[in-house]
2 protein chains.
Amino acid sequence: MIPSARPTARRTQAERSDATTAQLVAAAQRLFGRDGYATTSIVAVAADAGVTKGAAYHHFEGKAALFHAVFVREQEEIAAELERAAAEEPDAWSALRRGCRRFLEHCLDPGFRRIVLLDAPAVLGWETVREIEYAHTLRVLTGGMRAAAAAGHIGDGDLDVRCQMMFGALCEAGMLLARSPDPASALTSVTAEAERLLSALAGRASAL
Amino acid sequence: MIPSARPTARRTQAERSDATTAQLVAAAQRLFGRDGYATTSIVAVAADAGVTKGAAYHHFEGKAALFHAVFVREQEEIAAELERAAAEEPDAWSALRRGCRRFLEHCLDPGFRRIVLLDAPAVLGWETVREIEYAHTLRVLTGGMRAAAAAGHIGDGDLDVRCQMMFGALCEAGMLLARSPDPASALTSVTAEAERLLSALAGRASAL
DNA sequence: TCGCTTCCATACCGAAGGTATGCAACTGGT
DNA sequence: ACCAGTTGCATACCTTCGGTATGGAAGCGA
């Protein structure tokens with residue numbers, strides 16, 4: 001008998017497990033992003049993934065663990081996107097600016113805002129959130145900052161603290177951006193303020 | 001018969017109502033601040049206030065409404081504190097710096113962090129949170145910024161956007177501060193970074 | 001004094017997170 | 001190829017909690 005004649009028959013355990021976990025995370029990302037963590041039930045996520053509660057609780061310790069997986073996935077996506085954007089720029093300084101702009105653009109996605117900026121701190125706690133972000137988004141940002149500092153663009157001081165504060169300002173700007181009646185046009189002005197802030201941080205008050 | 005011979009007897013309706021609402025808000029502020037919104041039940045708050053669920057649902061539309069009241073109270077407290085601190089300074093620029101430092105100090109309170117910085121966006125939504133903050137904390141901050149701008153300390157640009165981003169950076173710095181092993185000593189270094197950021201925003205890159 | 005409203009407690013309901021159980025599919029050894 | 005043993009997952013159940021309905025006691029206007 002030919003294996004996988006029908007896609008459901010004769011799958012290995014790892015295949016089944018990976019498939020359902022992927023389905024669950026994808027469904028959770030959609031529903032958490034659309035309706036928020038609190039109003040999204042486990043059964044709804046499971047149903048959207050084509051399974052039941054049992055599968056969800058078999059693969060994840062609970063609702064928060066499922067959200068944790070979604071958050072990590074979200075971070076991996078944005079970090080990869082930022083690195084791709086930064087790689088297109090010739091020097092460290094323009095890469096840093098390009099990354100900030102890219103982050104703001106990414107904030108136009110409602111699911112990202114809901115999961116990463118709104119729910120994550122309350123669900124996972126600040127420590128966990130920043131730990132994960134420090135391995136993804138903040139890693140890219142601090143990397144860009146260090147590169148810019150090595151190129152002599154950045155003034156002295158505590159770079160880690162400065163990156164965190166810059167990051168907080170960017171998140172705030174992202175929410176502000178998305179809230180505006182015309183986000184597409186607001187993107188330019190908010191980006192301008194962000195770049196001004198960046199230039200200011202770098203000790204180049206009139207770089208723009 | 002003498003009114004209020006015993007404190008419980010012969011109180012007017014408004015008195016009873018005000019007393020229980022105050023008790024409920026105070027209890028909610030304590031429990032939400034200590035255990036977080038999600039893990040704090042209405043009955044726990046009511047019991048801590050010395051009443052039952054019925055009283056809570058009589059005075060508030062639901063759990064979120066109770067949290068809303070707590071959040072407004074937090075904002076009123078911090079705004080008053082900031083205005084008091086700013087009033088002690090001679091000029092607009094030092095008042096602005098003093099206010100930022102004061103805000104960071106206030107972030108050392110775990111209840112404040114939990115309620116205002118962690119839970120509020122998820123529970124009330126970003127729009128509601130910023131609307132309330134714009135009437136309190138952000139009002140004081142933008143007021144200080146405008147005063148500093150009028151005194152010629154601040155460069156041109158969108159002041160509202162800049163205040164929001166500065167506020168985001170301050171919130172982030174507050175969390176970072178509280179997370180550090182020795183918050184009291186970290187306060188000075190984080191404050192230094194914040195003032196540097198402020199100076200940078202003002203177009204005075206070497207003001208500190 | 002007497003309807004009427006306000007304040008609040010008790011009883012109840014439904015939804016949702018989490019657990020226990022059971023069964024079917026896969027796996028590894030013989 | 002067969003057969004323990006494990007894994008993947010569904011179903012049934014429990015508990016907690018937000019929210020509602022009901023009832024009664026305390027003030028209030030007339």
# chains A, B, ... in the order shown; residues from 1 in each chain; ligands from 1
>>> interface_residues(of="chain C", to="chain B", cutoff="10 Å", atoms="only C-alpha atoms (C1' of nucleotides)", output="PDB file with N, CA and C atoms (P, O5', C5', C4', C3', O3' and C1' of nucleotides), in the first residue's frame")
ATOM      1  P    DT C   6     -33.956  55.802  41.852  1.00  0.00           P
ATOM      2  O5'  DT C   6     -33.046  55.381  43.093  1.00  0.00           O
ATOM      3  C5'  DT C   6     -32.864  56.308  44.157  1.00  0.00           C
ATOM      4  C4'  DT C   6     -32.103  55.655  45.300  1.00  0.00           C
ATOM      5  C3'  DT C   6     -30.844  54.882  44.884  1.00  0.00           C
ATOM      6  O3'  DT C   6     -29.796  55.209  45.774  1.00  0.00           O
ATOM      7  C1'  DT C   6     -32.234  53.492  46.175  1.00  0.00           C
ATOM      8  P    DC C   7     -28.292  54.728  45.459  1.00  0.00           P
ATOM      9  O5'  DC C   7     -28.100  53.477  46.439  1.00  0.00           O
ATOM     10  C5'  DC C   7     -28.202  53.681  47.853  1.00  0.00           C
ATOM     11  C4'  DC C   7     -28.143  52.338  48.568  1.00  0.00           C
ATOM     12  C3'  DC C   7     -26.975  51.445  48.154  1.00  0.00           C
ATOM     13  O3'  DC C   7     -26.254  51.056  49.311  1.00  0.00           O
ATOM     14  C1'  DC C   7     -29.014  50.242  48.116  1.00  0.00           C
ATOM     15  P    DC C   8     -24.764  50.420  49.172  1.00  0.00           P
ATOM     16  O5'  DC C   8     -25.086  48.868  49.223  1.00  0.00           O
ATOM     17  C5'  DC C   8     -25.770  48.366  50.372  1.00  0.00           C
ATOM     18  C4'  DC C   8     -26.348  47.004  50.092  1.00  0.00           C
ATOM     19  C3'  DC C   8     -25.363  45.957  49.554  1.00  0.00           C
ATOM     20  O3'  DC C   8     -25.228  44.954  50.528  1.00  0.00           O
ATOM     21  C1'  DC C   8     -27.470  45.804  48.517  1.00  0.00           C
ATOM     22  P    DA C   9     -24.037  43.932  50.556  1.00  0.00           P
ATOM     23  O5'  DA C   9     -24.781  42.568  50.929  1.00  0.00           O
ATOM     24  C5'  DA C   9     -25.870  42.612  51.846  1.00  0.00           C
ATOM     25  C4'  DA C   9     -26.797  41.423  51.625  1.00  0.00           C
ATOM     26  C3'  DA C   9     -26.091  40.113  51.303  1.00  0.00           C
ATOM     27  O3'  DA C   9     -26.679  39.046  52.008  1.00  0.00           O
ATOM     28  C1'  DA C   9     -27.613  40.646  49.571  1.00  0.00           C
ATOM     29  P    DT C  10     -25.991  37.634  52.089  1.00  0.00           P
ATOM     30  O5'  DT C  10     -26.945  36.682  51.221  1.00  0.00           O
ATOM     31  C5'  DT C  10     -28.360  36.794  51.376  1.00  0.00           C
ATOM     32  C4'  DT C  10     -29.061  36.003  50.293  1.00  0.00           C
ATOM     33  C3'  DT C  10     -28.405  34.682  49.907  1.00  0.00           C
ATOM     34  O3'  DT C  10     -29.372  33.665  49.920  1.00  0.00           O
ATOM     35  C1'  DT C  10     -28.819  35.980  47.973  1.00  0.00           C
TER      36       DT C  10
END
>>> calpha_fit_and_write(fixed="chain A", moving="chain B", output="PDB file with C-alpha atoms, in the first residue's frame")
ATOM      1  CA  MET B   1       0.453   0.251   0.353  1.00  0.00           C
ATOM      2  CA  ILE B   2       1.679   3.641  -0.779  1.00  0.00           C
ATOM      3  CA  PRO B   3       2.222   6.007   2.178  1.00  0.00           C
ATOM      4  CA  SER B   4       0.276   9.231   2.121  1.00  0.00           C
ATOM      5  CA  ALA B   5      -2.066   8.102  -0.620  1.00  0.00           C
ATOM      6  CA  ARG B   6      -4.686  10.095   1.232  1.00  0.00           C
ATOM      7  CA  PRO B   7      -3.277  12.983   3.228  1.00  0.00           C
ATOM      8  CA  THR B   8      -4.994  11.856   6.421  1.00  0.00           C
ATOM      9  CA  ALA B   9      -3.959   8.216   6.353  1.00  0.00           C
ATOM     10  CA  ARG B  10      -0.742   6.716   7.590  1.00  0.00           C
ATOM     11  CA  ARG B  11       0.983   9.770   8.938  1.00  0.00           C
ATOM     12  CA  THR B  12       3.801   9.509  11.392  1.00  0.00           C
ATOM     13  CA  GLN B  13       3.307  10.766  14.935  1.00  0.00           C
ATOM     14  CA  ALA B  14       5.645  13.692  14.471  1.00  0.00           C
ATOM     15  CA  GLU B  15       3.797  14.706  11.350  1.00  0.00           C
ATOM     16  CA  ARG B  16       0.422  14.630  13.050  1.00  0.00           C
ATOM     17  CA  SER B  17       1.747  16.469  16.067  1.00  0.00           C
ATOM     18  CA  ASP B  18       3.487  19.150  14.058  1.00  0.00           C
ATOM     19  CA  ALA B  19       0.480  19.632  11.828  1.00  0.00           C
ATOM     20  CA  THR B  20      -1.982  20.141  14.655  1.00  0.00           C
ATOM     21  CA  THR B  21       0.327  22.407  16.643  1.00  0.00           C
ATOM     22  CA  ALA B  22       0.872  24.508  13.544  1.00  0.00           C
ATOM     23  CA  GLN B  23      -2.875  24.637  12.931  1.00  0.00           C
ATOM     24  CA  LEU B  24      -3.465  25.612  16.543  1.00  0.00           C
ATOM     25  CA  VAL B  25      -0.867  28.365  16.560  1.00  0.00           C
ATOM     26  CA  ALA B  26      -2.134  29.716  13.256  1.00  0.00           C
ATOM     27  CA  ALA B  27      -5.734  29.715  14.450  1.00  0.00           C
ATOM     28  CA  ALA B  28      -4.733  31.286  17.759  1.00  0.00           C
ATOM     29  CA  GLN B  29      -2.761  33.975  15.960  1.00  0.00           C
ATOM     30  CA  ARG B  30      -5.814  34.821  13.863  1.00  0.00           C
ATOM     31  CA  LEU B  31      -8.368  34.807  16.672  1.00  0.00           C
ATOM     32  CA  PHE B  32      -6.195  36.422  19.345  1.00  0.00           C
ATOM     33  CA  GLY B  33      -5.259  39.065  16.828  1.00  0.00           C
ATOM     34  CA  ARG B  34      -8.824  39.712  15.778  1.00  0.00           C
ATOM     35  CA  ASP B  35     -10.771  39.441  19.044  1.00  0.00           C
ATOM     36  CA  GLY B  36      -8.108  39.759  21.729  1.00  0.00           C
ATOM     37  CA  TYR B  37      -6.893  37.289  24.307  1.00  0.00           C
ATOM     38  CA  ALA B  38      -9.622  37.618  26.912  1.00  0.00           C
ATOM     39  CA  THR B  39     -12.616  37.190  24.627  1.00  0.00           C
ATOM     40  CA  THR B  40     -11.116  34.324  22.633  1.00  0.00           C
ATOM     41  CA  SER B  41     -11.862  30.897  24.080  1.00  0.00           C
ATOM     42  CA  ILE B  42      -9.765  27.792  23.752  1.00  0.00           C
ATOM     43  CA  VAL B  43     -12.625  25.887  22.118  1.00  0.00           C
ATOM     44  CA  ALA B  44     -12.947  28.606  19.474  1.00  0.00           C
ATOM     45  CA  VAL B  45      -9.267  28.322  18.648  1.00  0.00           C
ATOM     46  CA  ALA B  46      -9.448  24.529  18.570  1.00  0.00           C
ATOM     47  CA  ALA B  47     -12.541  24.589  16.370  1.00  0.00           C
ATOM     48  CA  ASP B  48     -10.867  27.038  13.998  1.00  0.00           C
ATOM     49  CA  ALA B  49      -7.915  24.683  13.835  1.00  0.00           C
ATOM     50  CA  GLY B  50     -10.223  21.742  13.117  1.00  0.00           C
ATOM     51  CA  VAL B  51      -9.607  19.952  16.406  1.00  0.00           C
ATOM     52  CA  THR B  52     -11.034  20.014  19.934  1.00  0.00           C
ATOM     53  CA  LYS B  53      -9.922  21.266  23.334  1.00  0.00           C
ATOM     54  CA  GLY B  54      -8.197  17.970  24.051  1.00  0.00           C
ATOM     55  CA  ALA B  55      -5.691  18.542  21.264  1.00  0.00           C
ATOM     56  CA  ALA B  56      -4.949  22.046  22.451  1.00  0.00           C
ATOM     57  CA  TYR B  57      -4.356  20.976  26.042  1.00  0.00           C
ATOM     58  CA  HIS B  58      -2.278  18.049  24.845  1.00  0.00           C
ATOM     59  CA  HIS B  59       0.185  20.305  23.029  1.00  0.00           C
ATOM     60  CA  PHE B  60       0.056  23.381  25.273  1.00  0.00           C
ATOM     61  CA  GLU B  61      -0.009  23.696  29.018  1.00  0.00           C
ATOM     62  CA  GLY B  62      -2.833  26.183  28.943  1.00  0.00           C
ATOM     63  CA  LYS B  63      -4.240  29.241  27.269  1.00  0.00           C
ATOM     64  CA  ALA B  64      -1.299  31.420  28.271  1.00  0.00           C
ATOM     65  CA  ALA B  65       1.161  28.900  26.813  1.00  0.00           C
ATOM     66  CA  LEU B  66      -0.695  28.982  23.527  1.00  0.00           C
ATOM     67  CA  PHE B  67      -0.515  32.763  23.557  1.00  0.00           C
ATOM     68  CA  HIS B  68       3.175  32.504  24.356  1.00  0.00           C
ATOM     69  CA  ALA B  69       3.731  30.457  21.213  1.00  0.00           C
ATOM     70  CA  VAL B  70       1.786  32.979  19.159  1.00  0.00           C
ATOM     71  CA  PHE B  71       3.791  35.840  20.604  1.00  0.00           C
ATOM     72  CA  VAL B  72       7.096  34.148  19.815  1.00  0.00           C
ATOM     73  CA  ARG B  73       5.914  33.555  16.264  1.00  0.00           C
ATOM     74  CA  GLU B  74       4.974  37.236  15.909  1.00  0.00           C
ATOM     75  CA  GLN B  75       8.397  38.225  17.157  1.00  0.00           C
ATOM     76  CA  GLU B  76      10.153  35.886  14.758  1.00  0.00           C
ATOM     77  CA  GLU B  77       8.198  37.332  11.858  1.00  0.00           C
ATOM     78  CA  ILE B  78       8.863  40.982  12.673  1.00  0.00           C
ATOM     79  CA  ALA B  79      12.532  40.342  13.486  1.00  0.00           C
ATOM     80  CA  ALA B  80      13.078  38.593  10.159  1.00  0.00           C
ATOM     81  CA  GLU B  81      11.283  41.398   8.379  1.00  0.00           C
ATOM     82  CA  LEU B  82      13.444  44.025  10.064  1.00  0.00           C
ATOM     83  CA  GLU B  83      16.668  42.214   9.251  1.00  0.00           C
ATOM     84  CA  ARG B  84      15.623  41.871   5.628  1.00  0.00           C
ATOM     85  CA  ALA B  85      14.854  45.582   5.447  1.00  0.00           C
ATOM     86  CA  ALA B  86      18.100  46.568   7.151  1.00  0.00           C
ATOM     87  CA  ALA B  87      20.134  44.353   4.827  1.00  0.00           C
ATOM     88  CA  GLU B  88      19.002  46.391   1.851  1.00  0.00           C
ATOM     89  CA  GLU B  89      20.702  49.535   3.129  1.00  0.00           C
ATOM     90  CA  PRO B  90      24.333  50.336   2.488  1.00  0.00           C
ATOM     91  CA  ASP B  91      25.441  51.699   5.861  1.00  0.00           C
ATOM     92  CA  ALA B  92      24.598  51.159   9.530  1.00  0.00           C
ATOM     93  CA  TRP B  93      22.918  54.481  10.010  1.00  0.00           C
ATOM     94  CA  SER B  94      20.470  54.269   7.132  1.00  0.00           C
ATOM     95  CA  ALA B  95      19.786  50.627   8.074  1.00  0.00           C
ATOM     96  CA  LEU B  96      18.771  51.787  11.529  1.00  0.00           C
ATOM     97  CA  ARG B  97      16.444  54.410  10.110  1.00  0.00           C
ATOM     98  CA  ARG B  98      15.029  51.945   7.614  1.00  0.00           C
ATOM     99  CA  GLY B  99      14.364  49.430  10.378  1.00  0.00           C
ATOM    100  CA  CYS B 100      12.472  51.962  12.459  1.00  0.00           C
ATOM    101  CA  ARG B 101      10.334  52.899   9.494  1.00  0.00           C
ATOM    102  CA  ARG B 102       9.697  49.247   8.778  1.00  0.00           C
ATOM    103  CA  PHE B 103       8.589  48.655  12.350  1.00  0.00           C
ATOM    104  CA  LEU B 104       6.119  51.497  12.120  1.00  0.00           C
ATOM    105  CA  GLU B 105       4.696  50.062   8.917  1.00  0.00           C
ATOM    106  CA  HIS B 106       4.326  46.714  10.614  1.00  0.00           C
ATOM    107  CA  CYS B 107       2.244  48.376  13.312  1.00  0.00           C
ATOM    108  CA  LEU B 108      -0.463  48.957  10.714  1.00  0.00           C
ATOM    109  CA  ASP B 109      -1.395  45.292  11.135  1.00  0.00           C
ATOM    110  CA  PRO B 110      -4.203  45.135  13.732  1.00  0.00           C
ATOM    111  CA  GLY B 111      -3.338  41.596  14.777  1.00  0.00           C
ATOM    112  CA  PHE B 112       0.225  42.584  15.545  1.00  0.00           C
ATOM    113  CA  ARG B 113      -0.878  45.561  17.588  1.00  0.00           C
ATOM    114  CA  ARG B 114      -3.415  43.571  19.541  1.00  0.00           C
ATOM    115  CA  ILE B 115      -1.157  40.635  20.321  1.00  0.00           C
ATOM    116  CA  VAL B 116       2.239  42.267  20.764  1.00  0.00           C
ATOM    117  CA  LEU B 117       1.479  45.769  22.001  1.00  0.00           C
ATOM    118  CA  LEU B 118      -1.792  45.376  23.894  1.00  0.00           C
ATOM    119  CA  ASP B 119      -2.298  41.880  25.276  1.00  0.00           C
ATOM    120  CA  ALA B 120       1.207  40.474  25.623  1.00  0.00           C
ATOM    121  CA  PRO B 121       2.321  42.485  28.673  1.00  0.00           C
ATOM    122  CA  ALA B 122      -0.859  41.685  30.588  1.00  0.00           C
ATOM    123  CA  VAL B 123      -0.877  37.983  29.673  1.00  0.00           C
ATOM    124  CA  LEU B 124       2.789  37.065  29.818  1.00  0.00           C
ATOM    125  CA  GLY B 125       4.111  39.732  32.154  1.00  0.00           C
ATOM    126  CA  TRP B 126       6.641  42.386  31.347  1.00  0.00           C
ATOM    127  CA  GLU B 127       9.699  40.309  32.118  1.00  0.00           C
ATOM    128  CA  THR B 128       8.748  37.463  29.795  1.00  0.00           C
ATOM    129  CA  VAL B 129       7.747  39.823  27.024  1.00  0.00           C
ATOM    130  CA  ARG B 130      10.985  41.767  27.131  1.00  0.00           C
ATOM    131  CA  GLU B 131      12.995  38.549  27.383  1.00  0.00           C
ATOM    132  CA  ILE B 132      11.468  37.262  24.160  1.00  0.00           C
ATOM    133  CA  GLU B 133      11.658  40.630  22.458  1.00  0.00           C
ATOM    134  CA  TYR B 134      15.280  40.943  23.479  1.00  0.00           C
ATOM    135  CA  ALA B 135      15.932  37.793  21.454  1.00  0.00           C
ATOM    136  CA  HIS B 136      14.124  39.148  18.389  1.00  0.00           C
ATOM    137  CA  THR B 137      12.964  42.703  17.782  1.00  0.00           C
ATOM    138  CA  LEU B 138      15.173  44.325  20.398  1.00  0.00           C
ATOM    139  CA  ARG B 139      18.094  42.207  19.271  1.00  0.00           C
ATOM    140  CA  VAL B 140      17.843  43.669  15.799  1.00  0.00           C
ATOM    141  CA  LEU B 141      17.407  47.180  17.169  1.00  0.00           C
ATOM    142  CA  THR B 142      20.359  46.986  19.564  1.00  0.00           C
ATOM    143  CA  GLY B 143      22.416  45.381  16.824  1.00  0.00           C
ATOM    144  CA  GLY B 144      21.675  48.308  14.568  1.00  0.00           C
ATOM    145  CA  MET B 145      22.419  50.752  17.372  1.00  0.00           C
ATOM    146  CA  ARG B 146      25.746  49.124  18.128  1.00  0.00           C
ATOM    147  CA  ALA B 147      26.684  49.118  14.480  1.00  0.00           C
ATOM    148  CA  ALA B 148      25.797  52.784  14.254  1.00  0.00           C
ATOM    149  CA  ALA B 149      27.767  53.468  17.430  1.00  0.00           C
ATOM    150  CA  ALA B 150      30.778  51.629  16.017  1.00  0.00           C
ATOM    151  CA  ALA B 151      30.525  53.844  12.946  1.00  0.00           C
ATOM    152  CA  GLY B 152      30.666  56.830  15.246  1.00  0.00           C
ATOM    153  CA  HIS B 153      27.088  57.942  14.759  1.00  0.00           C
ATOM    154  CA  ILE B 154      25.892  57.477  18.331  1.00  0.00           C
ATOM    155  CA  GLY B 155      26.840  59.401  21.418  1.00  0.00           C
ATOM    156  CA  ASP B 156      27.960  57.784  24.657  1.00  0.00           C
ATOM    157  CA  GLY B 157      25.654  56.487  27.373  1.00  0.00           C
ATOM    158  CA  ASP B 158      23.866  53.277  28.300  1.00  0.00           C
ATOM    159  CA  LEU B 159      22.980  51.781  24.919  1.00  0.00           C
ATOM    160  CA  ASP B 160      20.680  49.085  26.312  1.00  0.00           C
ATOM    161  CA  VAL B 161      18.577  51.581  28.203  1.00  0.00           C
ATOM    162  CA  ARG B 162      18.518  53.895  25.217  1.00  0.00           C
ATOM    163  CA  CYS B 163      17.364  51.076  22.918  1.00  0.00           C
ATOM    164  CA  GLN B 164      14.551  50.152  25.286  1.00  0.00           C
ATOM    165  CA  MET B 165      13.377  53.734  25.500  1.00  0.00           C
ATOM    166  CA  MET B 166      13.616  54.158  21.754  1.00  0.00           C
ATOM    167  CA  PHE B 167      11.626  50.940  21.415  1.00  0.00           C
ATOM    168  CA  GLY B 168       8.955  52.228  23.777  1.00  0.00           C
ATOM    169  CA  ALA B 169       8.705  55.411  21.764  1.00  0.00           C
ATOM    170  CA  LEU B 170       8.372  53.390  18.564  1.00  0.00           C
ATOM    171  CA  CYS B 171       5.587  51.224  19.990  1.00  0.00           C
ATOM    172  CA  GLU B 172       3.753  54.311  21.102  1.00  0.00           C
ATOM    173  CA  ALA B 173       4.240  55.867  17.687  1.00  0.00           C
ATOM    174  CA  GLY B 174       2.923  52.708  16.071  1.00  0.00           C
ATOM    175  CA  MET B 175      -0.282  52.841  18.069  1.00  0.00           C
ATOM    176  CA  LEU B 176      -0.652  56.536  17.371  1.00  0.00           C
ATOM    177  CA  LEU B 177      -0.121  55.874  13.705  1.00  0.00           C
ATOM    178  CA  ALA B 178      -2.722  53.149  13.495  1.00  0.00           C
ATOM    179  CA  ARG B 179      -5.249  55.292  15.345  1.00  0.00           C
ATOM    180  CA  SER B 180      -5.017  58.179  12.940  1.00  0.00           C
ATOM    181  CA  PRO B 181      -7.840  58.579  10.420  1.00  0.00           C
ATOM    182  CA  ASP B 182      -5.462  58.216   7.477  1.00  0.00           C
ATOM    183  CA  PRO B 183      -2.654  55.895   8.615  1.00  0.00           C
ATOM    184  CA  ALA B 184      -0.953  55.818   5.231  1.00  0.00           C
ATOM    185  CA  SER B 185      -0.355  59.554   5.184  1.00  0.00           C
ATOM    186  CA  ALA B 186       0.301  59.734   8.929  1.00  0.00           C
ATOM    187  CA  LEU B 187       3.077  57.225   8.412  1.00  0.00           C
ATOM    188  CA  THR B 188       5.285  59.870   6.848  1.00  0.00           C
ATOM    189  CA  SER B 189       4.871  62.451   9.602  1.00  0.00           C
ATOM    190  CA  VAL B 190       5.255  59.934  12.421  1.00  0.00           C
ATOM    191  CA  THR B 191       8.258  58.440  10.684  1.00  0.00           C
ATOM    192  CA  ALA B 192       9.729  61.899  10.470  1.00  0.00           C
ATOM    193  CA  GLU B 193       9.334  62.376  14.211  1.00  0.00           C
ATOM    194  CA  ALA B 194      10.846  58.950  14.855  1.00  0.00           C
ATOM    195  CA  GLU B 195      13.840  59.716  12.680  1.00  0.00           C
ATOM    196  CA  ARG B 196      14.237  63.055  14.376  1.00  0.00           C
ATOM    197  CA  LEU B 197      14.237  61.254  17.716  1.00  0.00           C
ATOM    198  CA  LEU B 198      16.774  58.791  16.392  1.00  0.00           C
ATOM    199  CA  SER B 199      18.966  61.556  15.095  1.00  0.00           C
ATOM    200  CA  ALA B 200      18.663  63.337  18.415  1.00  0.00           C
ATOM    201  CA  LEU B 201      19.641  60.214  20.307  1.00  0.00           C
ATOM    202  CA  ALA B 202      22.624  59.878  18.052  1.00  0.00           C
ATOM    203  CA  GLY B 203      23.821  63.280  19.032  1.00  0.00           C
ATOM    204  CA  ARG B 204      23.135  64.549  15.513  1.00  0.00           C
ATOM    205  CA  ALA B 205      20.337  66.919  16.315  1.00  0.00           C
ATOM    206  CA  SER B 206      20.059  68.203  12.752  1.00  0.00           C
ATOM    207  CA  ALA B 207      20.806  65.037  10.823  1.00  0.00           C
ATOM    208  CA  LEU B 208      17.484  64.700   9.053  1.00  0.00           C
TER     209      LEU B 208
END
>>> atom_distance(atom1="atom C1' of DT5 of chain C", atom2="atom C1' of DA21 of chain D")
18.3 Å
>>> select_by_dssp(residues="segment 4-178 of chain B", states="helix (DSSP H, G or I)", output="count of residues only")
136
>>> residues_around(residues="DT15 of chain D", least_positions_apart="6", cutoff="12 Å", atoms="only C-alpha atoms (C1' of nucleotides)", output="VMD selection string")
chain C and resid 16 to 19
>>> closest_atom_pairs(of="chain D", to="chain A", cutoff="10 Å", atoms="only C-alpha atoms (C1' of nucleotides)", output="tab-separated table")
residue	atom	partner	partner_atom	distance
D:DT7	C1'	A:Gln13	CA	7.2
D:DG8	C1'	A:Ser17	CA	7.2
D:DC9	C1'	A:Ala55	CA	5.2
D:DA10	C1'	A:Gly54	CA	6.3
D:DT11	C1'	A:Gly54	CA	8.8
>>> atom_distance(atom1="atom C1' of DT22 of chain D", atom2="atom C1' of DC4 of chain C")
18.1 Å
>>> atom_distance(atom1="atom C1' of DA25 of chain D", atom2="atom C1' of DC2 of chain C")
15.8 Å
